[in-house]
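entry08.txt follows; it contains compact mmCIF, C-alpha atoms.
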# COMPACT_ATOMS: atom_id res chain seq x y z
CA MET A 1 -6.08 -25.54 37.65
CA GLU A 2 -3.95 -26.67 34.78
CA ARG A 3 -5.21 -25.50 31.38
CA SER A 4 -5.49 -28.03 28.61
CA ILE A 5 -3.77 -27.81 25.25
CA LYS A 6 -7.10 -28.66 23.72
CA GLN A 7 -8.59 -25.49 25.17
CA TYR A 8 -5.76 -23.51 23.57
CA GLU A 9 -6.65 -25.08 20.23
CA ILE A 10 -10.32 -24.13 20.65
CA ASP A 11 -9.39 -20.56 21.58
CA ARG A 12 -7.03 -20.32 18.65
CA LYS A 13 -9.85 -21.27 16.30
CA GLU A 14 -12.08 -18.71 17.96
CA ALA A 15 -9.37 -16.08 17.43
CA VAL A 16 -9.35 -16.94 13.74
CA ARG A 17 -13.10 -16.53 13.57
CA ILE A 18 -12.98 -13.11 15.22
CA ALA A 19 -9.92 -11.93 13.26
CA ALA A 20 -11.52 -12.94 9.95
CA ARG A 21 -14.51 -10.77 10.71
CA LEU A 22 -12.33 -7.82 11.72
CA LEU A 23 -10.41 -8.18 8.46
CA LEU A 24 -13.72 -8.23 6.64
CA ALA A 25 -14.66 -4.99 8.39
CA SER A 26 -11.42 -3.30 7.37
CA GLY A 27 -11.60 -4.59 3.79
CA THR A 28 -15.18 -3.45 3.46
CA THR A 29 -14.53 0.12 4.57
CA THR A 30 -11.61 0.78 2.22
CA PRO A 31 -12.13 3.29 -0.63
CA ARG A 32 -14.17 2.40 -3.72
CA VAL A 33 -13.70 4.26 -6.97
CA GLY A 34 -16.47 6.77 -7.43
CA GLY A 35 -17.79 5.88 -4.00
CA VAL A 36 -19.85 3.07 -5.51
CA GLY A 37 -20.03 -0.13 -3.48
CA GLU A 38 -19.51 -3.26 -5.53
CA CYS A 39 -17.24 -5.59 -3.60
CA THR A 40 -18.16 -8.40 -1.27
CA ILE A 41 -15.88 -10.35 1.02
CA HIS A 42 -16.63 -13.98 1.83
CA ILE A 43 -15.10 -15.84 4.74
CA VAL A 44 -14.31 -19.52 4.32
CA ASP A 45 -13.19 -20.83 7.69
CA ASP A 46 -14.28 -24.43 7.50
CA GLU A 47 -11.35 -26.82 7.00
CA CYS A 48 -13.29 -29.00 4.59
CA ASP A 49 -14.33 -26.03 2.47
CA ILE A 50 -10.73 -24.83 2.34
CA GLU A 51 -9.69 -28.33 1.28
CA ASP A 52 -12.27 -28.26 -1.53
CA ILE A 53 -10.82 -25.00 -2.83
CA CYS A 54 -7.28 -26.39 -2.61
CA GLN A 55 -8.24 -29.44 -4.63
CA LYS A 56 -9.80 -27.23 -7.27
CA MET A 57 -6.60 -25.17 -7.39
CA GLU A 58 -4.58 -28.33 -7.87
CA ALA A 59 -6.87 -29.39 -10.70
CA MET A 60 -6.44 -25.97 -12.32
CA ALA A 61 -2.65 -26.23 -12.00
CA ASP A 62 -2.70 -28.97 -14.64
CA ILE A 63 -4.52 -26.85 -17.19
CA LYS A 64 -1.56 -24.78 -18.31
CA LYS A 65 2.08 -24.30 -17.52
CA SER A 66 1.71 -20.73 -16.33
CA TRP A 67 -0.69 -21.94 -13.61
CA ALA A 68 1.65 -24.64 -12.27
CA PHE A 69 2.27 -22.50 -9.20
CA PHE A 70 -1.38 -23.04 -8.16
CA ARG A 71 -0.18 -26.34 -6.69
CA ARG A 72 2.30 -24.54 -4.44
CA ASP A 73 -0.37 -22.02 -3.48
CA ALA A 74 -2.69 -24.92 -2.57
CA ALA A 75 -0.04 -26.35 -0.25
CA MET A 76 0.15 -23.00 1.56
CA VAL A 77 -3.58 -22.37 1.67
CA ARG A 78 -4.22 -25.85 3.04
CA ASP A 79 -2.39 -24.70 6.19
CA ALA A 80 -4.44 -21.49 6.41
CA ASP A 81 -7.04 -21.19 9.15
CA ALA A 82 -9.38 -19.06 7.08
CA VAL A 83 -9.61 -17.73 3.57
CA MET A 84 -11.20 -14.38 2.77
CA ILE A 85 -12.33 -14.00 -0.81
CA GLY A 86 -12.92 -10.49 -2.13
CA THR A 87 -15.07 -10.13 -5.22
CA SER A 88 -15.84 -7.45 -7.74
CA LEU A 89 -19.50 -7.75 -8.69
CA ARG A 90 -19.72 -5.06 -11.34
CA SER A 91 -16.51 -5.35 -13.31
CA LEU A 92 -17.99 -8.03 -15.60
CA THR A 93 -21.39 -6.66 -16.43
CA ASP A 94 -21.49 -3.01 -15.47
CA PRO A 95 -18.58 -0.79 -16.60
CA ALA A 96 -18.05 2.38 -14.57
CA ASP A 97 -19.18 4.75 -17.36
CA ILE A 98 -16.18 6.94 -16.72
CA ASN A 99 -14.45 6.34 -20.08
CA CYS A 100 -11.05 5.90 -18.46
CA ASN A 101 -9.56 3.72 -21.23
CA MET A 102 -7.75 1.47 -18.74
CA CYS A 103 -9.28 -1.48 -20.59
CA GLY A 104 -8.07 -0.03 -23.88
CA LYS A 105 -11.54 0.35 -25.39
CA LEU A 106 -11.54 4.17 -25.15
CA VAL A 107 -15.14 4.47 -23.93
CA CYS A 108 -17.38 2.24 -21.81
CA GLU A 109 -19.91 1.77 -24.60
CA TYR A 110 -17.26 -0.02 -26.67
CA LEU A 111 -16.38 -2.23 -23.71
CA LYS A 112 -20.03 -3.20 -23.34
CA ASP A 113 -20.14 -4.22 -27.01
CA GLU A 114 -16.93 -6.21 -26.76
CA GLU A 115 -17.32 -9.97 -26.77
CA LYS A 116 -16.15 -11.61 -23.55
CA LEU A 117 -13.72 -14.50 -23.51
CA PRO A 118 -15.60 -17.82 -23.40
CA ALA A 119 -15.76 -19.65 -20.06
CA GLU A 120 -13.26 -22.30 -21.07
CA PRO A 121 -10.91 -24.22 -18.80
CA ASP A 122 -7.87 -22.08 -19.63
CA VAL A 123 -9.66 -18.79 -18.95
CA ALA A 124 -9.62 -17.78 -15.29
CA PHE A 125 -11.57 -14.55 -15.65
CA THR A 126 -13.82 -13.90 -18.63
CA GLY A 127 -12.45 -10.49 -19.60
CA PRO A 128 -12.30 -7.85 -20.78
CA LEU A 129 -13.39 -6.60 -17.37
CA CYS A 130 -13.90 -3.02 -16.31
CA THR A 131 -10.44 -2.36 -14.92
CA PHE A 132 -11.56 0.77 -13.11
CA ARG A 133 -14.13 -1.25 -11.14
CA ALA A 134 -11.92 -4.27 -10.60
CA ALA A 135 -9.25 -2.04 -9.04
CA ASN A 136 -11.58 -1.78 -6.03
CA ILE A 137 -10.44 -5.26 -5.08
CA ALA A 138 -6.94 -3.91 -4.60
CA TYR A 139 -8.26 -1.57 -1.92
CA ALA A 140 -10.28 -4.32 -0.28
CA VAL A 141 -7.29 -6.67 -0.26
CA ASP A 142 -4.95 -4.07 1.18
CA GLY A 143 -7.58 -3.17 3.78
CA MET A 144 -7.54 -6.78 4.94
CA VAL A 145 -3.75 -6.96 4.79
CA SER A 146 -3.39 -3.75 6.76
CA GLN A 147 -5.76 -5.03 9.46
CA ALA A 148 -3.94 -8.37 9.57
CA ARG A 149 -0.71 -6.49 10.20
CA ASN A 150 -2.37 -4.45 12.93
CA LEU A 151 -3.63 -7.60 14.60
CA GLY A 152 -0.29 -9.31 14.16
CA ILE A 153 -1.60 -12.31 12.29
CA ASP A 154 -0.03 -13.98 9.27
CA TYR A 155 -1.50 -13.50 5.82
CA GLY A 156 -0.92 -14.37 2.19
CA VAL A 157 -2.60 -12.99 -0.93
CA TYR A 158 -3.58 -15.38 -3.73
CA TRP A 159 -5.32 -14.88 -7.02
CA SER A 160 -5.34 -18.65 -7.56
CA VAL A 161 -7.81 -19.03 -4.69
CA GLY A 162 -10.07 -16.37 -6.17
CA ALA A 163 -9.99 -18.03 -9.58
CA ALA A 164 -10.72 -21.47 -8.08
CA ALA A 165 -13.58 -20.18 -5.92
CA LEU A 166 -15.07 -18.44 -8.94
CA ARG A 167 -14.89 -21.65 -10.96
CA MET A 168 -16.48 -23.63 -8.12
CA GLY A 169 -19.46 -21.31 -8.13
CA LEU A 170 -18.82 -20.26 -4.51
CA LEU A 171 -19.09 -16.57 -5.29
CA PRO A 172 -22.13 -14.41 -6.07
CA ARG A 173 -23.44 -14.45 -9.61
CA ASP A 174 -21.85 -11.90 -11.96
CA THR A 175 -18.60 -11.90 -10.03
CA GLY A 176 -16.02 -10.77 -12.57
CA PHE A 177 -12.85 -10.86 -10.56
CA ALA A 178 -11.85 -12.32 -7.21
CA LEU A 179 -8.75 -12.28 -5.05
CA ALA A 180 -8.20 -14.01 -1.74
CA VAL A 181 -6.39 -13.28 1.49
CA ALA A 182 -5.55 -16.36 3.52
CA ILE A 183 -4.90 -15.92 7.23
CA SER A 184 -3.25 -18.09 9.78
CA ILE A 185 -2.96 -17.86 13.55
CA THR A 186 -0.19 -20.33 14.17
CA GLU A 187 3.30 -20.18 15.58
CA LYS A 188 4.89 -20.42 12.14
CA SER A 189 3.41 -18.60 9.18
CA PRO A 190 2.50 -21.11 6.45
CA PHE A 191 2.83 -18.31 3.89
CA ARG A 192 6.50 -17.47 4.43
CA ASP A 193 9.71 -19.47 3.97
CA ILE A 194 8.54 -21.44 0.98
CA PRO A 195 11.32 -23.67 -0.34
CA LEU A 196 11.44 -25.05 -3.86
CA LYS A 197 9.05 -27.92 -4.64
CA TYR A 198 6.87 -26.89 -1.70
CA ASP A 199 3.86 -28.66 -3.20
CA GLU A 200 5.70 -31.95 -2.81
CA ILE A 201 7.79 -31.24 0.22
CA ASN A 202 6.04 -29.48 3.07
CA GLN A 203 5.11 -29.92 6.71
CA ARG A 204 2.29 -32.27 5.81
CA THR A 205 4.18 -34.56 3.49
CA MET A 206 7.23 -34.61 5.75
CA ASN A 207 5.20 -35.46 8.82
CA ASP A 208 5.59 -39.18 8.76
CA ARG A 209 9.23 -39.27 7.72
CA MET A 210 12.27 -39.91 9.80
CA ILE A 211 13.67 -36.52 8.91
CA ASN A 212 10.80 -34.74 10.57
CA ARG A 213 13.25 -33.49 13.20
CA LEU A 214 15.49 -31.82 10.65
CA TRP A 215 12.79 -30.28 8.49
CA PRO A 216 12.12 -27.08 10.48
CA GLN A 217 15.81 -26.11 10.36
CA PHE A 218 16.08 -27.03 6.69
CA ARG A 219 13.08 -24.86 5.96
CA SER A 220 14.54 -21.89 7.77
CA ILE A 221 17.85 -22.11 5.96
CA TYR A 222 16.91 -23.06 2.40
CA SER A 223 14.00 -20.77 1.72
CA MET B 1 14.49 27.14 24.92
CA ALA B 2 13.52 27.59 21.32
CA ILE B 3 9.86 27.88 20.53
CA VAL B 4 8.60 26.33 17.31
CA GLU B 5 5.31 27.62 15.97
CA MET B 6 2.46 25.24 15.21
CA GLU B 7 2.42 26.08 11.47
CA THR B 8 6.08 25.18 11.16
CA MET B 9 5.58 21.87 12.94
CA VAL B 10 2.50 20.98 10.93
CA LYS B 11 4.31 21.76 7.67
CA ALA B 12 7.37 19.75 8.65
CA GLY B 13 5.19 16.90 9.95
CA LEU B 14 3.25 16.80 6.71
CA ASP B 15 6.45 16.64 4.64
CA ARG B 16 7.70 13.77 6.75
CA ALA B 17 4.31 12.04 6.61
CA VAL B 18 4.30 12.12 2.83
CA GLU B 19 7.69 10.43 2.82
CA LEU B 20 6.39 7.77 5.20
CA MET B 21 3.33 7.22 3.02
CA ALA B 22 5.55 6.75 -0.02
CA LEU B 23 7.59 4.29 2.03
CA ALA B 24 4.49 2.35 3.08
CA ALA B 25 3.26 2.29 -0.52
CA HIS B 26 6.64 1.19 -1.78
CA ASN B 27 6.84 -1.66 0.73
CA SER B 28 3.26 -2.89 0.38
CA PHE B 29 2.24 -6.24 -1.04
CA ARG B 30 2.82 -6.89 -4.74
CA PHE B 31 1.69 -9.78 -6.86
CA ASN B 32 4.66 -11.76 -8.08
CA ASP B 33 6.99 -9.32 -6.29
CA ARG B 34 6.75 -6.99 -9.29
CA ASN B 35 7.46 -3.69 -7.61
CA THR B 36 7.36 -1.44 -10.64
CA VAL B 37 5.05 1.23 -9.25
CA LYS B 38 6.37 4.75 -9.75
CA ILE B 39 5.57 7.23 -6.97
CA ILE B 40 6.03 10.99 -7.03
CA SER B 41 5.05 13.81 -4.72
CA VAL B 42 3.55 16.84 -6.44
CA GLY B 43 4.44 20.40 -5.43
CA HIS B 44 2.10 23.38 -5.20
CA GLU B 45 2.99 24.76 -8.61
CA GLU B 46 2.05 21.50 -10.32
CA MET B 47 -1.03 21.15 -8.15
CA GLU B 48 -2.23 24.49 -9.49
CA GLN B 49 -1.79 23.18 -13.03
CA LEU B 50 -3.76 20.06 -12.17
CA ALA B 51 -6.55 22.07 -10.60
CA GLU B 52 -6.76 24.31 -13.64
CA TYR B 53 -6.82 21.34 -16.01
CA CYS B 54 -9.52 19.55 -14.00
CA PHE B 55 -11.62 22.67 -13.79
CA SER B 56 -11.26 23.25 -17.53
CA LEU B 57 -12.97 19.91 -18.20
CA GLY B 58 -16.12 21.61 -16.94
CA ASP B 59 -19.28 20.07 -18.32
CA MET B 60 -17.42 17.20 -19.92
CA SER B 61 -16.66 15.84 -16.47
CA PRO B 62 -18.47 17.52 -13.59
CA LEU B 63 -16.60 15.26 -11.20
CA ALA B 64 -13.19 16.44 -12.44
CA ALA B 65 -14.39 20.06 -12.36
CA ARG B 66 -15.55 19.66 -8.78
CA ASP B 67 -12.23 18.08 -7.80
CA GLY B 68 -10.35 20.91 -9.54
CA ARG B 69 -12.24 23.53 -7.53
CA HIS B 70 -11.71 21.46 -4.45
CA LEU B 71 -7.97 21.30 -5.01
CA VAL B 72 -7.81 25.10 -5.14
CA GLN B 73 -9.54 25.25 -1.76
CA LEU B 74 -7.31 22.50 -0.43
CA MET B 75 -4.12 24.36 -1.30
CA LYS B 76 -5.04 27.22 1.03
CA GLU B 77 -4.01 24.99 3.92
CA PRO B 78 -1.07 22.56 4.21
CA CYS B 79 -1.61 19.68 1.81
CA ALA B 80 0.29 17.24 -0.37
CA LEU B 81 -0.43 14.97 -3.29
CA LEU B 82 1.17 11.63 -4.06
CA VAL B 83 0.74 10.40 -7.61
CA MET B 84 1.61 6.83 -8.45
CA GLY B 85 1.52 5.00 -11.71
CA ASP B 86 2.63 1.91 -13.54
CA LYS B 87 3.09 0.61 -17.05
CA ARG B 88 0.22 -1.23 -18.65
CA ARG B 89 1.93 -4.33 -20.07
CA SER B 90 1.93 -7.56 -18.10
CA ASP B 91 5.16 -9.06 -16.81
CA PHE B 92 3.33 -11.69 -14.75
CA ASN B 93 2.61 -14.42 -17.29
CA TYR B 94 -0.53 -15.34 -15.33
CA ASN B 95 -2.57 -15.74 -18.55
CA CYS B 96 -5.72 -15.17 -16.51
CA GLY B 97 -7.97 -13.59 -19.15
CA ALA B 98 -9.15 -10.66 -17.04
CA CYS B 99 -7.88 -8.11 -19.58
CA GLY B 100 -9.85 -9.79 -22.35
CA PHE B 101 -6.86 -11.51 -23.92
CA ARG B 102 -6.22 -15.19 -23.35
CA THR B 103 -2.52 -14.74 -22.70
CA CYS B 104 -0.24 -12.02 -21.43
CA LYS B 105 1.66 -12.25 -24.70
CA GLU B 106 -1.45 -11.31 -26.68
CA LEU B 107 -2.12 -8.37 -24.34
CA ASN B 108 1.44 -7.13 -24.70
CA ALA B 109 1.23 -7.36 -28.47
CA ALA B 110 -2.16 -5.62 -28.71
CA GLU B 111 -2.42 -2.16 -30.23
CA GLU B 112 -2.05 0.62 -27.65
CA MET B 113 -5.00 2.95 -27.24
CA GLU B 114 -3.90 6.32 -25.93
CA SER B 115 -6.19 8.72 -24.16
CA LEU B 116 -6.05 11.57 -21.67
CA THR B 117 -6.96 9.32 -18.75
CA ALA B 118 -5.00 6.13 -19.29
CA ASN B 119 -3.37 4.07 -21.99
CA GLY B 120 -4.95 0.70 -22.51
CA PRO B 121 -5.41 -2.17 -22.65
CA SER B 122 -3.75 -2.70 -19.28
CA CYS B 123 -2.99 -5.78 -17.23
CA LEU B 124 -5.45 -6.06 -14.36
CA PHE B 125 -2.77 -7.29 -11.98
CA LYS B 126 -0.66 -4.19 -12.77
CA ASN B 127 -3.69 -2.14 -11.73
CA ILE B 128 -4.18 -4.24 -8.62
CA ASN B 129 -0.54 -3.76 -7.61
CA LEU B 130 -1.01 -0.03 -8.13
CA GLY B 131 -4.24 0.03 -6.12
CA ILE B 132 -2.61 -1.83 -3.26
CA ALA B 133 0.18 0.77 -3.20
CA ALA B 134 -2.41 3.57 -3.14
CA ASN B 135 -4.32 1.94 -0.32
CA ALA B 136 -1.13 1.35 1.67
CA ALA B 137 -0.30 5.07 1.36
CA ALA B 138 -3.85 5.97 2.42
CA SER B 139 -3.65 3.52 5.31
CA ALA B 140 -0.36 5.08 6.48
CA ALA B 141 -1.90 8.56 6.21
CA HIS B 142 -4.86 7.41 8.29
CA ARG B 143 -2.59 6.08 11.00
CA LEU B 144 -0.58 9.30 10.99
CA GLY B 145 -3.78 11.24 11.58
CA LEU B 146 -3.89 13.04 8.24
CA HIS B 147 -7.03 13.82 6.29
CA CYS B 148 -6.90 11.69 3.19
CA ARG B 149 -8.76 10.83 0.02
CA VAL B 150 -7.86 8.81 -3.05
CA PHE B 151 -8.50 10.63 -6.34
CA SER B 152 -8.58 9.19 -9.85
CA THR B 153 -9.36 12.58 -11.38
CA LEU B 154 -6.21 14.30 -10.13
CA ALA B 155 -4.11 11.34 -11.27
CA PHE B 156 -5.67 11.46 -14.73
CA ALA B 157 -4.87 15.17 -14.82
CA ALA B 158 -1.29 14.53 -13.71
CA MET B 159 -0.88 12.09 -16.57
CA ALA B 160 -2.48 14.38 -19.13
CA MET B 161 -0.33 17.32 -17.99
CA GLU B 162 2.76 15.08 -18.00
CA VAL B 163 3.43 15.80 -14.36
CA ILE B 164 3.98 12.07 -14.05
CA THR B 165 5.60 10.55 -17.10
CA ASP B 166 6.48 7.10 -18.34
CA VAL B 167 3.34 5.49 -16.89
CA ASP B 168 0.15 4.20 -18.52
CA VAL B 169 -2.22 4.01 -15.57
CA CYS B 170 -2.12 6.09 -12.41
CA ILE B 171 -3.88 7.01 -9.18
CA SER B 172 -3.34 9.76 -6.64
CA VAL B 173 -3.56 10.03 -2.88
CA SER B 174 -4.25 13.47 -1.53
CA VAL B 175 -3.56 14.36 2.10
CA SER B 176 -4.20 17.47 4.08
CA ALA B 177 -3.45 18.97 7.47
CA ALA B 178 -6.40 21.36 7.33
CA ARG B 179 -8.27 22.45 10.44
CA LYS B 180 -11.30 20.40 9.46
CA ASN B 181 -11.52 17.37 7.18
CA PRO B 182 -11.76 18.99 3.74
CA TYR B 183 -12.52 15.86 1.74
CA PHE B 184 -16.11 15.08 2.57
CA ASP B 185 -19.39 16.94 2.46
CA ARG B 186 -18.09 19.67 0.20
CA HIS B 187 -21.29 21.69 0.02
CA GLU B 188 -19.57 25.01 -0.47
CA PHE B 189 -19.29 24.27 -4.18
CA TRP B 190 -23.03 24.39 -4.88
CA THR B 191 -25.76 26.88 -4.36
CA ARG B 192 -29.00 25.40 -3.06
CA ASP B 193 -30.80 26.22 -6.35
CA TYR B 194 -28.15 24.58 -8.49
CA TRP B 195 -28.23 21.49 -6.31
CA ASP B 196 -32.03 21.25 -6.51
CA GLU B 197 -31.92 21.65 -10.29
CA ILE B 198 -29.35 18.87 -10.78
CA PHE B 199 -31.18 16.60 -8.34
CA ALA B 200 -34.48 17.07 -10.15
CA LYS B 201 -32.79 16.32 -13.47
CA GLU B 202 -31.03 13.17 -12.24
CA PHE B 203 -33.85 11.73 -10.13
CA PRO B 204 -37.06 12.85 -11.82
CA THR B 205 -39.16 10.17 -10.14
CA TYR B 206 -38.32 11.51 -6.68
CA ASN B 207 -40.53 14.53 -7.25
CA ARG B 208 -42.84 13.22 -9.94
CA GLY B 209 -43.64 9.77 -8.64
CA PHE B 210 -44.90 8.49 -11.99
CA ILE B 211 -42.26 8.35 -14.71
CA GLY B 212 -44.89 8.48 -17.48
CA ALA B 213 -46.06 11.94 -16.43
CA VAL B 214 -45.33 14.65 -18.99
CA GLU B 215 -43.24 17.56 -17.81
CA ASP B 216 -43.90 20.96 -19.34
As structure tokens, the full file:
Amino acid sequence: MERSIKQYEIDRKEAVRIAARLLLASGTTTPRVGGVGECTIHIVDDECDIEDICQKMEAMADIKKSWAFFRRDAAMVRDADAVMIGTSLRSLTDPADINCNMCGKLVCEYLKDEEKLPAEPDVAFTGPLCTFRAANIAYAVDGMVSQARNLGIDYGVYWSVGAAALRMGLLPRDTGFALAVAISITEKSPFRDIPLKYDEINQRTMNDRMINRLWPQFRSIYS
Amino acid sequence: MAIVEMETMVKAGLDRAVELMALAAHNSFRFNDRNTVKIISVGHEEMEQLAEYCFSLGDMSPLAARDGRHLVQLMKEPCALLVMGDKRRSDFNYNCGACGFRTCKELNAAEEMESLTANGPSCLFKNINLGIAANAAASAAHRLGLHCRVFSTLAFAAMAMEVITDVDVCISVSVSAARKNPYFDRHEFWTRDYWDEIFAKEFPTYNRGFIGAVED
């Protein structure tokens, strides 16, 4: 019996759901400094939720010049099938008590006494954070990336998504730092071959234009 | 036909594996494509220095002392140590606030605090890039079937002993081709009595039940 394209689309979505959970597994089991668990990974695989995050990122892009690239990130993440957000739950409130001086405060007691940056629009993370703790996120992110490579699915890593999710209140209370891995199971990775002005000119905005036929070649050449 | 002994193959395989780990770390993801992570492989002579330094920290850092003793044990069988580090200043211009300064410019202009473990304040994304490199090396080691553990203590020692220079923050990945996994459940370092004593000191309520009870 002939198989429908619609069935393929359903199966593709199911693959995303499974892959996201396997990435979560790999990210969760990566090393943690001092062997202390403090990271969580949250899967956002609903299209509407992803859209909400993208709109927040676009709003944040207007706040300051150095965040203008959030708009480009939003254009990429909008095409993602799922977004995995890794958090560090202790870096804000509970320094590692190891006196490593990565934060520049010499000992953890001084870091605890230090006043945090106010939660104002132009502050993404209210540092100073415990750098030693927050570095755990790097392991979690690379755990997810490494699994994505094993599974042969496309991925992109974005701090803009983490910052937006944090601002939206999506993440657990006391989250100090968050980074996101977006994944896509499509024939063309939405995270690679990003031409200039991608926030304005991308698959979505080019869809209803006459030049739709030329766009894929243009993208391959000029990126 | 030439016969190659197992020890020779394991040694050669380990040397090659370390190179592949460095390659995997070098090629791993970086924020903003800022691949400034410095990676070195540490020889046995330097490893001895690191072990001695860690052990000398003794009561000041029981963790470092334990890792120093462990490194001595580790070196009895084929092993290798990758140390990687990066500078602390931000070249991202993300102005994210995670370091406690509103802008990268302020962070870069802030007074440097030197210490034996790291020089701060450091850009969090520099640390994240470094951590990703470390995890990529560990991931490669895992796939190659090596025993592996990531150590902060040995990296701190490498920085203090100037085994790795020109970096402000660092991390190390230790691998081993020992007959059994040497990195976990290292009970040989404690006597039963010592362990009981430390446990009772750290978790008094486990044995006493009521924290208000007076101990004589």
Residue list for chain A near chain B as a PyMOL selection string, 7 Å, only C-alpha atoms: chain A and resi 66-67+100-104+106+116-117+123-129+131+135+138-139+142
Same residues, C-alpha atoms, saved as a compact mmCIF listing (two decimals), keeping the file's coordinate frame:
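Below is the file part.txt, written as the result:
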# COMPACT_ATOMS: atom_id res chain seq x y z
CA SER A 66 1.71 -20.73 -16.33
CA TRP A 67 -0.69 -21.94 -13.61
CA CYS A 100 -11.05 5.90 -18.46
CA ASN A 101 -9.56 3.72 -21.23
CA MET A 102 -7.75 1.47 -18.74
CA CYS A 103 -9.28 -1.48 -20.59
CA GLY A 104 -8.07 -0.03 -23.88
CA LEU A 106 -11.54 4.17 -25.15
CA LYS A 116 -16.15 -11.61 -23.55
CA LEU A 117 -13.72 -14.50 -23.51
CA VAL A 123 -9.66 -18.79 -18.95
CA ALA A 124 -9.62 -17.78 -15.29
CA PHE A 125 -11.57 -14.55 -15.65
CA THR A 126 -13.82 -13.90 -18.63
CA GLY A 127 -12.45 -10.49 -19.60
CA PRO A 128 -12.30 -7.85 -20.78
CA LEU A 129 -13.39 -6.60 -17.37
CA THR A 131 -10.44 -2.36 -14.92
CA ALA A 135 -9.25 -2.04 -9.04
CA ALA A 138 -6.94 -3.91 -4.60
CA TYR A 139 -8.26 -1.57 -1.92
CA ASP A 142 -4.95 -4.07 1.18
Any idea what the distance is between atom CA of Arg179 of chain B and atom CA of Pro78 of chain B? 9.5 Å
Would you kindly return, as a VMD selection string, each protein, DNA or RNA residue with an atom no farther than 8 Å from any atom of segment 78-90 of chain A, considering all atoms listed in the file and excluding same-chain residues fewer than 6 positions away? chain A and resid 13 16 to 17 20 24 38 to 47 50 to 51 54 130 133 to 134 136 to 137 140 to 141 161 to 162 171 to 185 190
Find the residues around His142 of chain B up to 12 Å (all atoms listed in the file counted), leave out those fewer than 4 positions away in its own chain, and share them as a list in words.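 Skipping anything fewer than 4 positions along the chain leaves Thr30, Gly143 and Ser146 of chain A; Ala17, Val18, Leu20, Met21, Ala24, Asn135, Ala136, Ala137, Ala138, Leu146, His147, Cys148, Arg149, Val150, Val173, Ser174, Val175, Ser176 and Ala177 of chain B.
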Grab the atom CA of Lys112 of chain A to atom CA of Asp94 of chain A distance for me, in Å with one decimal place.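 Computed distance, atom CA of Lys112 of chain A to atom CA of Asp94 of chain A, equals 8.0 Å.
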Could you jot down the atom CA of Phe199 of chain B to atom CA of Asn99 of chain A separation for me, Å, one decimal place?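 According to the coordinates, atom CA of Phe199 of chain B and atom CA of Asn99 of chain A are separated by 22.9 Å.
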